[in-house]
file data-v2.pdb (PDB, C-alpha atoms)
MODEL        1
ATOM      1  CA  MET Y   1       0.000   0.000   0.000
ATOM      2  CA  GLN Y   2       2.844   2.386   0.797
ATOM      3  CA  ASN Y   3       4.278   2.018  -2.738
ATOM      4  CA  LYS Y   4       0.927   2.849  -4.312
ATOM      5  CA  LYS Y   5       0.678   5.947  -2.113
ATOM      6  CA  LYS Y   6       4.195   7.041  -3.142
ATOM      7  CA  ARG Y   7       3.440   6.519  -6.851
ATOM      8  CA  THR Y   8       0.210   8.484  -6.559
ATOM      9  CA  PHE Y   9       1.959  11.301  -4.698
ATOM     10  CA  PHE Y  10       4.716  11.347  -7.363
ATOM     11  CA  MET Y  11       2.164  11.613 -10.177
ATOM     12  CA  VAL Y  12       0.194  14.346  -8.426
ATOM     13  CA  GLU Y  13       3.385  16.294  -7.703
ATOM     14  CA  ALA Y  14       4.511  15.964 -11.345
ATOM     15  CA  ALA Y  15       1.070  17.062 -12.575
ATOM     16  CA  LEU Y  16       1.098  20.100 -10.272
ATOM     17  CA  ILE Y  17       4.544  21.116 -11.528
ATOM     18  CA  ALA Y  18       3.383  20.732 -15.141
ATOM     19  CA  ALA Y  19       0.262  22.780 -14.423
ATOM     20  CA  LEU Y  20       2.281  25.496 -12.698
ATOM     21  CA  TYR Y  21       4.704  25.649 -15.643
ATOM     22  CA  ILE Y  22       1.815  26.000 -18.114
ATOM     23  CA  ALA Y  23       0.004  28.567 -15.955
ATOM     24  CA  LEU Y  24       3.143  30.692 -15.574
ATOM     25  CA  CYS Y  25       3.712  30.684 -19.343
ATOM     26  CA  TYR Y  26       0.075  31.519 -20.013
ATOM     27  CA  ALA Y  27       0.065  34.360 -17.466
ATOM     28  CA  GLN Y  28       3.332  35.716 -18.849
ATOM     29  CA  GLU Y  29       1.879  35.683 -22.376
ATOM     30  CA  LEU Y  30      -1.198  37.588 -21.181
ATOM     31  CA  ILE Y  31       0.914  40.264 -19.519
ATOM     32  CA  LEU Y  32       3.769  40.430 -22.052
ATOM     33  CA  PRO Y  33       2.736  38.797 -25.349
ATOM     34  CA  SER Y  34       5.441  36.686 -27.038
ATOM     35  CA  SER Y  35       7.823  37.018 -24.079
ATOM     36  CA  ALA Y  36       7.447  33.315 -23.196
ATOM     37  CA  THR Y  37       6.860  31.876 -26.655
ATOM     38  CA  GLY Y  38       8.459  34.288 -29.114
ATOM     39  CA  ALA Y  39      11.690  34.043 -31.063
ATOM     40  CA  ILE Y  40      13.592  35.842 -28.307
ATOM     41  CA  GLN Y  41      12.189  34.899 -24.930
ATOM     42  CA  VAL Y  42      12.718  34.696 -21.217
ATOM     43  CA  ARG Y  43      10.286  31.993 -20.148
ATOM     44  CA  ILE Y  44       9.805  32.704 -16.426
ATOM     45  CA  ALA Y  45       8.478  29.151 -15.914
ATOM     46  CA  GLU Y  46      11.994  27.868 -16.657
ATOM     47  CA  ALA Y  47      12.927  29.015 -13.140
ATOM     48  CA  LEU Y  48      10.956  25.948 -12.021
ATOM     49  CA  SER Y  49      13.865  23.862 -13.341
ATOM     50  CA  VAL Y  50      15.299  24.284  -9.861
ATOM     51  CA  LEU Y  51      12.588  21.945  -8.571
ATOM     52  CA  VAL Y  52      14.703  18.953  -9.665
ATOM     53  CA  CYS Y  53      16.851  19.781  -6.624
ATOM     54  CA  PHE Y  54      13.894  18.938  -4.397
ATOM     55  CA  THR Y  55      11.906  16.216  -6.133
ATOM     56  CA  PRO Y  56      12.374  13.763  -9.008
ATOM     57  CA  ALA Y  57       8.727  14.434  -9.918
ATOM     58  CA  ALA Y  58       9.966  17.692 -11.430
ATOM     59  CA  ILE Y  59      11.550  15.724 -14.289
ATOM     60  CA  PRO Y  60       8.290  14.577 -15.928
ATOM     61  CA  GLY Y  61       6.469  17.648 -14.608
ATOM     62  CA  LEU Y  62       8.764  20.084 -16.410
ATOM     63  CA  ALA Y  63       8.843  17.992 -19.600
ATOM     64  CA  VAL Y  64       5.042  17.734 -19.757
ATOM     65  CA  GLY Y  65       4.666  21.424 -18.882
ATOM     66  CA  CYS Y  66       7.031  22.388 -21.690
ATOM     67  CA  PHE Y  67       5.309  20.053 -24.169
ATOM     68  CA  VAL Y  68       1.805  21.338 -23.411
ATOM     69  CA  THR Y  69       2.952  24.976 -23.458
ATOM     70  CA  ASN Y  70       4.592  24.459 -26.854
ATOM     71  CA  LEU Y  71       1.533  22.540 -28.090
ATOM     72  CA  LEU Y  72      -0.680  25.522 -27.233
ATOM     73  CA  THR Y  73       1.693  28.035 -28.802
ATOM     74  CA  VAL Y  74       0.512  29.502 -32.104
ATOM     75  CA  GLY Y  75       2.928  28.916 -34.962
ATOM     76  CA  VAL Y  76       4.995  26.216 -33.294
ATOM     77  CA  ILE Y  77       6.307  23.552 -35.650
ATOM     78  CA  PRO Y  78       6.220  19.836 -34.782
ATOM     79  CA  THR Y  79       9.988  19.684 -34.351
ATOM     80  CA  ASP Y  80       9.726  22.220 -31.538
ATOM     81  CA  LEU Y  81       7.275  19.989 -29.707
ATOM     82  CA  ALA Y  82       9.831  17.184 -29.845
ATOM     83  CA  LEU Y  83      13.076  19.145 -29.475
ATOM     84  CA  GLY Y  84      11.832  21.615 -26.866
ATOM     85  CA  THR Y  85      10.513  18.766 -24.752
ATOM     86  CA  LEU Y  86      13.717  16.775 -25.304
ATOM     87  CA  ALA Y  87      15.870  19.738 -24.210
ATOM     88  CA  THR Y  88      13.779  20.155 -21.057
ATOM     89  CA  LEU Y  89      13.823  16.437 -20.300
ATOM     90  CA  LEU Y  90      17.606  16.119 -20.761
ATOM     91  CA  ALA Y  91      18.247  19.280 -18.718
ATOM     92  CA  SER Y  92      16.003  17.973 -15.936
ATOM     93  CA  LEU Y  93      17.704  14.577 -15.870
ATOM     94  CA  ALA Y  94      21.177  16.152 -15.829
ATOM     95  CA  GLY Y  95      20.108  18.725 -13.250
ATOM     96  CA  TYR Y  96      18.689  16.024 -11.006
ATOM     97  CA  ALA Y  97      21.960  14.059 -11.275
ATOM     98  CA  LEU Y  98      23.936  17.186 -10.316
ATOM     99  CA  ARG Y  99      21.578  18.462  -7.594
ATOM    100  CA  ASN Y 100      24.021  17.758  -4.764
ATOM    101  CA  VAL Y 101      26.961  19.551  -6.409
ATOM    102  CA  LYS Y 102      26.906  23.013  -4.885
ATOM    103  CA  PHE Y 103      29.010  26.162  -4.955
ATOM    104  CA  ILE Y 104      28.361  28.598  -2.115
ATOM    105  CA  LYS Y 105      25.514  26.255  -1.064
ATOM    106  CA  ILE Y 106      23.717  26.779  -4.401
ATOM    107  CA  PRO Y 107      23.388  24.077  -7.116
ATOM    108  CA  PHE Y 108      24.656  26.279  -9.946
ATOM    109  CA  LEU Y 109      25.409  23.298 -12.217
ATOM    110  CA  THR Y 110      21.780  22.187 -11.929
ATOM    111  CA  LEU Y 111      20.659  25.724 -12.729
ATOM    112  CA  LEU Y 112      22.941  25.795 -15.784
ATOM    113  CA  MET Y 113      21.659  22.543 -17.326
ATOM    114  CA  PRO Y 114      18.577  24.133 -18.985
ATOM    115  CA  VAL Y 115      20.796  26.967 -20.219
ATOM    116  CA  ILE Y 116      23.208  24.563 -21.898
ATOM    117  CA  PHE Y 117      20.712  22.032 -23.274
ATOM    118  CA  ASN Y 118      18.293  24.648 -24.582
ATOM    119  CA  ALA Y 119      21.043  26.812 -26.070
ATOM    120  CA  VAL Y 120      22.472  23.881 -28.019
ATOM    121  CA  ILE Y 121      19.281  22.027 -28.999
ATOM    122  CA  ILE Y 122      16.961  24.987 -29.572
ATOM    123  CA  GLY Y 123      19.759  27.104 -31.058
ATOM    124  CA  MET Y 124      20.349  24.312 -33.591
ATOM    125  CA  GLU Y 125      16.621  23.953 -34.232
ATOM    126  CA  ILE Y 126      16.174  27.671 -34.895
ATOM    127  CA  GLU Y 127      19.159  27.783 -37.227
ATOM    128  CA  ILE Y 128      18.002  24.716 -39.184
ATOM    129  CA  PHE Y 129      14.197  25.076 -39.254
ATOM    130  CA  TYR Y 130      13.378  28.748 -38.712
ATOM    131  CA  ILE Y 131      16.180  30.630 -40.480
ATOM    132  CA  GLU Y 132      16.027  30.527 -44.266
ATOM    133  CA  GLY Y 133      19.219  29.666 -46.056
ATOM    134  CA  ASN Y 134      22.060  27.343 -45.255
ATOM    135  CA  PHE Y 135      23.146  26.341 -41.786
ATOM    136  CA  THR Y 136      26.156  28.317 -40.604
ATOM    137  CA  LEU Y 137      28.194  27.946 -37.447
ATOM    138  CA  SER Y 138      28.047  31.684 -36.825
ATOM    139  CA  GLY Y 139      24.238  31.633 -37.211
ATOM    140  CA  PHE Y 140      23.981  28.717 -34.799
ATOM    141  CA  LEU Y 141      26.200  30.492 -32.257
ATOM    142  CA  ILE Y 142      24.036  33.616 -32.474
ATOM    143  CA  GLN Y 143      20.817  31.624 -32.016
ATOM    144  CA  ALA Y 144      22.320  29.550 -29.195
ATOM    145  CA  GLY Y 145      23.513  32.757 -27.551
ATOM    146  CA  PHE Y 146      20.046  34.321 -27.602
ATOM    147  CA  VAL Y 147      18.390  31.141 -26.293
ATOM    148  CA  GLY Y 148      21.096  30.699 -23.653
ATOM    149  CA  LEU Y 149      20.785  34.300 -22.485
ATOM    150  CA  GLY Y 150      17.023  33.967 -21.968
ATOM    151  CA  GLU Y 151      17.531  30.689 -20.116
ATOM    152  CA  LEU Y 152      20.296  32.222 -17.987
ATOM    153  CA  VAL Y 153      17.991  35.019 -16.853
ATOM    154  CA  ALA Y 154      15.169  32.590 -16.030
ATOM    155  CA  CYS Y 155      17.107  29.658 -14.585
ATOM    156  CA  VAL Y 156      19.962  31.362 -12.762
ATOM    157  CA  GLY Y 157      18.573  34.868 -12.283
ATOM    158  CA  LEU Y 158      15.152  33.733 -11.073
ATOM    159  CA  GLY Y 159      15.975  30.131 -10.167
ATOM    160  CA  THR Y 160      18.602  31.039  -7.562
ATOM    161  CA  PRO Y 161      16.265  33.081  -5.336
ATOM    162  CA  LEU Y 162      13.531  30.469  -5.852
ATOM    163  CA  TYR Y 163      15.950  27.753  -4.714
ATOM    164  CA  LEU Y 164      16.892  29.752  -1.602
ATOM    165  CA  VAL Y 165      13.244  30.369  -0.663
ATOM    166  CA  LEU Y 166      12.246  26.733  -1.199
ATOM    167  CA  LYS Y 167      15.263  25.529   0.755
ATOM    168  CA  LYS Y 168      14.394  27.823   3.656
ATOM    169  CA  LEU Y 169      10.709  26.819   3.643
ATOM    170  CA  ASP Y 170      11.662  23.130   3.426
ATOM    171  CA  ILE Y 171       8.282  22.295   1.867
ATOM    172  CA  PHE Y 172       9.635  19.306  -0.055
ATOM    173  CA  ASN Y 173      10.774  17.545   3.119
ATOM    174  CA  GLN Y 174       8.868  14.261   3.354
ATOM    175  CA  LYS Y 175       8.500  14.792   7.128
ATOM    176  CA  ASN Y 176       6.348  17.856   6.422
ATOM    177  CA  LEU Y 177       3.786  15.820   4.506
ATOM    178  CA  PRO Y 178       0.548  14.609   6.079
TER     179      PRO Y 178
ENDMDL
END

call {"tool": "encode", "arguments": {"input": "data-v2.pdb", "output": "structure tokens"}}
result
Amino acid sequence: MQNKKKRTFFMVEAALIAALYIALCYAQELILPSSATGAIQVRIAEALSVLVCFTPAAIPGLAVGCFVTNLLTVGVIPTDLALGTLATLLASLAGYALRNVKFIKIPFLTLLMPVIFNAVIIGMEIEIFYIEGNFTLSGFLIQAGFVGLGELVACVGLGTPLYLVLKKLDIFNQKNLP
């Protein structure tokens, strides 16, 4: 019975993280159109990537949240559904693996995983599928730089204070659960 309870809790936690990711993107789009889904973006919901430091349920939660957000985005191409979700999934897995590596008591490597994976994967996607003409290394580096900068603002700039608040509140401690 205990295993079934844990599985159910894991699925509910993942679903809540996905819903929060989607809601944050939707709210951001209402307030600042195209800021979370445009060509150049700072998707505030990416700060939730820090949740992999607290729960493995964040891995599927973030991936599903990203997929559904991209699915609901006007003008998205099918490759973005796959590659955007893949970048989020790989970043979450790597971030979870690195969650205990800390500098100044902050898991900066975990916070950098979405920056790196999205810059490379989405930068490549933009250069290949969205930019007309031939693929160029300089074009890829420019696209990766823009994607990486937006991710850096969201994941490190917003993720660091979120991590510190969540750590202080200790809400993911299993002892605090009913």

call {"tool": "residues_around", "arguments": {"input": "data-v2.pdb", "residues": "range 108-111 of chain Y", "least_positions_apart": "4", "cutoff": "8 Å", "atoms": "only C-alpha atoms", "output": "JSON, numbers by chain"}}
result
{"Y": [49, 50, 53, 94, 95, 96, 98, 99, 101, 102, 103, 115, 155, 156, 159, 160]}

call {"tool": "residues_around", "arguments": {"input": "data-v2.pdb", "residues": "Gly75 in chain Y", "least_positions_apart": "5", "cutoff": "10 Å", "atoms": "all atoms listed in the file", "output": "ChimeraX atom specification"}}
result
/Y:37-38,70

call {"tool": "resolve_selection", "arguments": {"input": "data-v2.pdb", "expression": "the PyMOL selection byres ((chain Y and resi 126) around 12)", "output": "MDAnalysis selection string"}}
result
chainID Y and resid 38:40 76:77 79:80 83:84 118:125 127:136 139:147

call {"tool": "atom_distance", "arguments": {"input": "data-v2.pdb", "atom1": "CA of Ala57 in chain Y", "atom2": "CA of Ile17 in chain Y"}}
result
8.0 Å

call {"tool": "resolve_selection", "arguments": {"input": "data-v2.pdb", "expression": "the PyMOL selection byres ((chain Y and resi 92) around 9)", "output": "list of chain:residue names"}}
result
Y:Ser49, Y:Val50, Y:Val52, Y:Pro56, Y:Ala58, Y:Ile59, Y:Pro60, Y:Leu62, Y:Ala63, Y:Ala87, Y:Thr88, Y:Leu89, Y:Leu90, Y:Ala91, Y:Leu93, Y:Ala94, Y:Gly95, Y:Tyr96, Y:Ala97, Y:Thr110, Y:Met113, Y:Pro114

call {"tool": "atom_distance", "arguments": {"input": "data-v2.pdb", "atom1": "CA of Thr69 in chain Y", "atom2": "CA of Cys25 in chain Y"}}
result
7.1 Å

call {"tool": "closest_residue", "arguments": {"input": "data-v2.pdb", "among": "Y:Leu164, Y:Ala154, Y:Ile171, Y:Ile116", "to": "Ile104 in chain Y", "atoms": "only C-alpha atoms"}}
result
Y:Leu164

call {"tool": "resolve_selection", "arguments": {"input": "data-v2.pdb", "expression": "the PyMOL selection byres ((chain Y and resi 20) around 12)", "output": "PDB file with C-alpha atoms, keeping the file's coordinate frame"}}
result
ATOM      1  CA  GLU Y  13       3.385  16.294  -7.703  1.00  0.00           C
ATOM      2  CA  ALA Y  14       4.511  15.964 -11.345  1.00  0.00           C
ATOM      3  CA  ALA Y  15       1.070  17.062 -12.575  1.00  0.00           C
ATOM      4  CA  LEU Y  16       1.098  20.100 -10.272  1.00  0.00           C
ATOM      5  CA  ILE Y  17       4.544  21.116 -11.528  1.00  0.00           C
ATOM      6  CA  ALA Y  18       3.383  20.732 -15.141  1.00  0.00           C
ATOM      7  CA  ALA Y  19       0.262  22.780 -14.423  1.00  0.00           C
ATOM      8  CA  TYR Y  21       4.704  25.649 -15.643  1.00  0.00           C
ATOM      9  CA  ILE Y  22       1.815  26.000 -18.114  1.00  0.00           C
ATOM     10  CA  ALA Y  23       0.004  28.567 -15.955  1.00  0.00           C
ATOM     11  CA  LEU Y  24       3.143  30.692 -15.574  1.00  0.00           C
ATOM     12  CA  CYS Y  25       3.712  30.684 -19.343  1.00  0.00           C
ATOM     13  CA  TYR Y  26       0.075  31.519 -20.013  1.00  0.00           C
ATOM     14  CA  ALA Y  27       0.065  34.360 -17.466  1.00  0.00           C
ATOM     15  CA  GLN Y  28       3.332  35.716 -18.849  1.00  0.00           C
ATOM     16  CA  ILE Y  44       9.805  32.704 -16.426  1.00  0.00           C
ATOM     17  CA  ALA Y  45       8.478  29.151 -15.914  1.00  0.00           C
ATOM     18  CA  GLU Y  46      11.994  27.868 -16.657  1.00  0.00           C
ATOM     19  CA  ALA Y  47      12.927  29.015 -13.140  1.00  0.00           C
ATOM     20  CA  LEU Y  48      10.956  25.948 -12.021  1.00  0.00           C
ATOM     21  CA  SER Y  49      13.865  23.862 -13.341  1.00  0.00           C
ATOM     22  CA  LEU Y  51      12.588  21.945  -8.571  1.00  0.00           C
ATOM     23  CA  ALA Y  58       9.966  17.692 -11.430  1.00  0.00           C
ATOM     24  CA  GLY Y  61       6.469  17.648 -14.608  1.00  0.00           C
ATOM     25  CA  LEU Y  62       8.764  20.084 -16.410  1.00  0.00           C
ATOM     26  CA  VAL Y  64       5.042  17.734 -19.757  1.00  0.00           C
ATOM     27  CA  GLY Y  65       4.666  21.424 -18.882  1.00  0.00           C
ATOM     28  CA  CYS Y  66       7.031  22.388 -21.690  1.00  0.00           C
ATOM     29  CA  VAL Y  68       1.805  21.338 -23.411  1.00  0.00           C
ATOM     30  CA  THR Y  69       2.952  24.976 -23.458  1.00  0.00           C
TER      31      THR Y  69
END

call {"tool": "atom_distance", "arguments": {"input": "data-v2.pdb", "atom1": "CA of Arg7 in chain Y", "atom2": "CA of Leu81 in chain Y"}}
result
26.8 Å

call {"tool": "decode", "arguments": {"input": "data-v2.pdb", "residues": "range 76-119 of chain Y", "atoms": "N, CA and C atoms", "output": "PDB file, in the first residue's frame"}}
result
ATOM      1  N   VAL Y  76       3.927  27.152 -33.626  1.00  0.00           N
ATOM      2  CA  VAL Y  76       4.995  26.216 -33.294  1.00  0.00           C
ATOM      3  C   VAL Y  76       5.017  25.097 -34.337  1.00  0.00           C
ATOM      4  N   ILE Y  77       6.198  24.652 -34.692  1.00  0.00           N
ATOM      5  CA  ILE Y  77       6.307  23.552 -35.650  1.00  0.00           C
ATOM      6  C   ILE Y  77       6.497  22.246 -34.885  1.00  0.00           C
ATOM      7  N   PRO Y  78       6.134  21.128 -35.487  1.00  0.00           N
ATOM      8  CA  PRO Y  78       6.220  19.836 -34.782  1.00  0.00           C
ATOM      9  C   PRO Y  78       7.610  19.527 -34.211  1.00  0.00           C
ATOM     10  N   THR Y  79       8.650  19.966 -34.888  1.00  0.00           N
ATOM     11  CA  THR Y  79       9.988  19.684 -34.351  1.00  0.00           C
ATOM     12  C   THR Y  79      10.208  20.375 -33.016  1.00  0.00           C
ATOM     13  N   ASP Y  80       9.560  21.522 -32.820  1.00  0.00           N
ATOM     14  CA  ASP Y  80       9.726  22.220 -31.538  1.00  0.00           C
ATOM     15  C   ASP Y  80       9.033  21.469 -30.414  1.00  0.00           C
ATOM     16  N   LEU Y  81       7.927  20.813 -30.729  1.00  0.00           N
ATOM     17  CA  LEU Y  81       7.275  19.989 -29.707  1.00  0.00           C
ATOM     18  C   LEU Y  81       8.240  18.900 -29.238  1.00  0.00           C
ATOM     19  N   ALA Y  82       8.904  18.266 -30.182  1.00  0.00           N
ATOM     20  CA  ALA Y  82       9.831  17.184 -29.845  1.00  0.00           C
ATOM     21  C   ALA Y  82      11.133  17.723 -29.252  1.00  0.00           C
ATOM     22  N   LEU Y  83      11.752  18.681 -29.922  1.00  0.00           N
ATOM     23  CA  LEU Y  83      13.076  19.145 -29.475  1.00  0.00           C
ATOM     24  C   LEU Y  83      13.009  19.994 -28.216  1.00  0.00           C
ATOM     25  N   GLY Y  84      11.982  20.817 -28.085  1.00  0.00           N
ATOM     26  CA  GLY Y  84      11.832  21.615 -26.866  1.00  0.00           C
ATOM     27  C   GLY Y  84      11.612  20.725 -25.654  1.00  0.00           C
ATOM     28  N   THR Y  85      10.767  19.716 -25.836  1.00  0.00           N
ATOM     29  CA  THR Y  85      10.513  18.766 -24.752  1.00  0.00           C
ATOM     30  C   THR Y  85      11.764  17.955 -24.450  1.00  0.00           C
ATOM     31  N   LEU Y  86      12.474  17.535 -25.492  1.00  0.00           N
ATOM     32  CA  LEU Y  86      13.717  16.775 -25.304  1.00  0.00           C
ATOM     33  C   LEU Y  86      14.748  17.603 -24.539  1.00  0.00           C
ATOM     34  N   ALA Y  87      14.909  18.872 -24.901  1.00  0.00           N
ATOM     35  CA  ALA Y  87      15.870  19.738 -24.210  1.00  0.00           C
ATOM     36  C   ALA Y  87      15.511  19.862 -22.732  1.00  0.00           C
ATOM     37  N   THR Y  88      14.227  20.037 -22.450  1.00  0.00           N
ATOM     38  CA  THR Y  88      13.779  20.155 -21.057  1.00  0.00           C
ATOM     39  C   THR Y  88      13.980  18.851 -20.304  1.00  0.00           C
ATOM     40  N   LEU Y  89      13.667  17.743 -20.945  1.00  0.00           N
ATOM     41  CA  LEU Y  89      13.823  16.437 -20.300  1.00  0.00           C
ATOM     42  C   LEU Y  89      15.299  16.151 -20.001  1.00  0.00           C
ATOM     43  N   LEU Y  90      16.172  16.369 -20.974  1.00  0.00           N
ATOM     44  CA  LEU Y  90      17.606  16.119 -20.761  1.00  0.00           C
ATOM     45  C   LEU Y  90      18.186  17.053 -19.693  1.00  0.00           C
ATOM     46  N   ALA Y  91      17.774  18.321 -19.726  1.00  0.00           N
ATOM     47  CA  ALA Y  91      18.247  19.280 -18.718  1.00  0.00           C
ATOM     48  C   ALA Y  91      17.774  18.877 -17.330  1.00  0.00           C
ATOM     49  N   SER Y  92      16.548  18.397 -17.231  1.00  0.00           N
ATOM     50  CA  SER Y  92      16.003  17.973 -15.936  1.00  0.00           C
ATOM     51  C   SER Y  92      16.730  16.743 -15.408  1.00  0.00           C
ATOM     52  N   LEU Y  93      16.972  15.785 -16.278  1.00  0.00           N
ATOM     53  CA  LEU Y  93      17.704  14.577 -15.870  1.00  0.00           C
ATOM     54  C   LEU Y  93      19.119  14.921 -15.411  1.00  0.00           C
ATOM     55  N   ALA Y  94      19.810  15.750 -16.190  1.00  0.00           N
ATOM     56  CA  ALA Y  94      21.177  16.152 -15.829  1.00  0.00           C
ATOM     57  C   ALA Y  94      21.169  16.988 -14.555  1.00  0.00           C
ATOM     58  N   GLY Y  95      20.213  17.890 -14.447  1.00  0.00           N
ATOM     59  CA  GLY Y  95      20.108  18.725 -13.250  1.00  0.00           C
ATOM     60  C   GLY Y  95      19.849  17.903 -12.004  1.00  0.00           C
ATOM     61  N   TYR Y  96      18.980  16.904 -12.139  1.00  0.00           N
ATOM     62  CA  TYR Y  96      18.689  16.024 -11.006  1.00  0.00           C
ATOM     63  C   TYR Y  96      19.951  15.267 -10.592  1.00  0.00           C
ATOM     64  N   ALA Y  97      20.718  14.790 -11.570  1.00  0.00           N
ATOM     65  CA  ALA Y  97      21.960  14.059 -11.275  1.00  0.00           C
ATOM     66  C   ALA Y  97      22.992  14.948 -10.583  1.00  0.00           C
ATOM     67  N   LEU Y  98      22.945  16.248 -10.869  1.00  0.00           N
ATOM     68  CA  LEU Y  98      23.936  17.186 -10.316  1.00  0.00           C
ATOM     69  C   LEU Y  98      23.407  17.981  -9.119  1.00  0.00           C
ATOM     70  N   ARG Y  99      22.235  17.644  -8.625  1.00  0.00           N
ATOM     71  CA  ARG Y  99      21.578  18.462  -7.594  1.00  0.00           C
ATOM     72  C   ARG Y  99      22.376  18.618  -6.303  1.00  0.00           C
ATOM     73  N   ASN Y 100      23.248  17.678  -6.006  1.00  0.00           N
ATOM     74  CA  ASN Y 100      24.021  17.758  -4.764  1.00  0.00           C
ATOM     75  C   ASN Y 100      25.372  18.435  -4.931  1.00  0.00           C
ATOM     76  N   VAL Y 101      25.709  18.822  -6.161  1.00  0.00           N
ATOM     77  CA  VAL Y 101      26.961  19.551  -6.409  1.00  0.00           C
ATOM     78  C   VAL Y 101      26.645  21.029  -6.229  1.00  0.00           C
ATOM     79  N   LYS Y 102      27.247  21.624  -5.206  1.00  0.00           N
ATOM     80  CA  LYS Y 102      26.906  23.013  -4.885  1.00  0.00           C
ATOM     81  C   LYS Y 102      28.156  23.880  -4.758  1.00  0.00           C
ATOM     82  N   PHE Y 103      28.002  25.133  -5.153  1.00  0.00           N
ATOM     83  CA  PHE Y 103      29.010  26.162  -4.955  1.00  0.00           C
ATOM     84  C   PHE Y 103      28.339  27.252  -4.130  1.00  0.00           C
ATOM     85  N   ILE Y 104      28.944  27.611  -3.033  1.00  0.00           N
ATOM     86  CA  ILE Y 104      28.361  28.598  -2.115  1.00  0.00           C
ATOM     87  C   ILE Y 104      26.942  28.163  -1.718  1.00  0.00           C
ATOM     88  N   LYS Y 105      26.780  26.859  -1.494  1.00  0.00           N
ATOM     89  CA  LYS Y 105      25.514  26.255  -1.064  1.00  0.00           C
ATOM     90  C   LYS Y 105      24.381  26.377  -2.080  1.00  0.00           C
ATOM     91  N   ILE Y 106      24.723  26.653  -3.343  1.00  0.00           N
ATOM     92  CA  ILE Y 106      23.717  26.779  -4.401  1.00  0.00           C
ATOM     93  C   ILE Y 106      24.080  25.813  -5.535  1.00  0.00           C
ATOM     94  N   PRO Y 107      23.122  25.058  -6.057  1.00  0.00           N
ATOM     95  CA  PRO Y 107      23.388  24.077  -7.116  1.00  0.00           C
ATOM     96  C   PRO Y 107      23.484  24.728  -8.505  1.00  0.00           C
ATOM     97  N   PHE Y 108      24.528  25.540  -8.694  1.00  0.00           N
ATOM     98  CA  PHE Y 108      24.656  26.279  -9.946  1.00  0.00           C
ATOM     99  C   PHE Y 108      24.727  25.372 -11.177  1.00  0.00           C
ATOM    100  N   LEU Y 109      25.350  24.203 -11.065  1.00  0.00           N
ATOM    101  CA  LEU Y 109      25.409  23.298 -12.217  1.00  0.00           C
ATOM    102  C   LEU Y 109      24.006  22.834 -12.618  1.00  0.00           C
ATOM    103  N   THR Y 110      23.172  22.556 -11.633  1.00  0.00           N
ATOM    104  CA  THR Y 110      21.780  22.187 -11.929  1.00  0.00           C
ATOM    105  C   THR Y 110      21.071  23.341 -12.624  1.00  0.00           C
ATOM    106  N   LEU Y 111      21.295  24.549 -12.138  1.00  0.00           N
ATOM    107  CA  LEU Y 111      20.659  25.724 -12.729  1.00  0.00           C
ATOM    108  C   LEU Y 111      21.161  25.998 -14.144  1.00  0.00           C
ATOM    109  N   LEU Y 112      22.372  25.563 -14.450  1.00  0.00           N
ATOM    110  CA  LEU Y 112      22.941  25.795 -15.784  1.00  0.00           C
ATOM    111  C   LEU Y 112      22.533  24.736 -16.813  1.00  0.00           C
ATOM    112  N   MET Y 113      22.018  23.605 -16.381  1.00  0.00           N
ATOM    113  CA  MET Y 113      21.659  22.543 -17.326  1.00  0.00           C
ATOM    114  C   MET Y 113      20.616  22.985 -18.358  1.00  0.00           C
ATOM    115  N   PRO Y 114      19.525  23.663 -17.963  1.00  0.00           N
ATOM    116  CA  PRO Y 114      18.577  24.133 -18.985  1.00  0.00           C
ATOM    117  C   PRO Y 114      19.201  25.168 -19.920  1.00  0.00           C
ATOM    118  N   VAL Y 115      20.114  25.969 -19.391  1.00  0.00           N
ATOM    119  CA  VAL Y 115      20.796  26.967 -20.219  1.00  0.00           C
ATOM    120  C   VAL Y 115      21.573  26.258 -21.325  1.00  0.00           C
ATOM    121  N   ILE Y 116      22.355  25.275 -20.944  1.00  0.00           N
ATOM    122  CA  ILE Y 116      23.208  24.563 -21.898  1.00  0.00           C
ATOM    123  C   ILE Y 116      22.384  23.744 -22.888  1.00  0.00           C
ATOM    124  N   PHE Y 117      21.487  22.901 -22.386  1.00  0.00           N
ATOM    125  CA  PHE Y 117      20.712  22.032 -23.274  1.00  0.00           C
ATOM    126  C   PHE Y 117      19.820  22.822 -24.227  1.00  0.00           C
ATOM    127  N   ASN Y 118      19.154  23.855 -23.714  1.00  0.00           N
ATOM    128  CA  ASN Y 118      18.293  24.648 -24.582  1.00  0.00           C
ATOM    129  C   ASN Y 118      19.098  25.466 -25.584  1.00  0.00           C
ATOM    130  N   ALA Y 119      20.219  26.031 -25.144  1.00  0.00           N
ATOM    131  CA  ALA Y 119      21.043  26.812 -26.070  1.00  0.00           C
ATOM    132  C   ALA Y 119      21.481  25.943 -27.244  1.00  0.00           C
TER     133      ALA Y 119
END
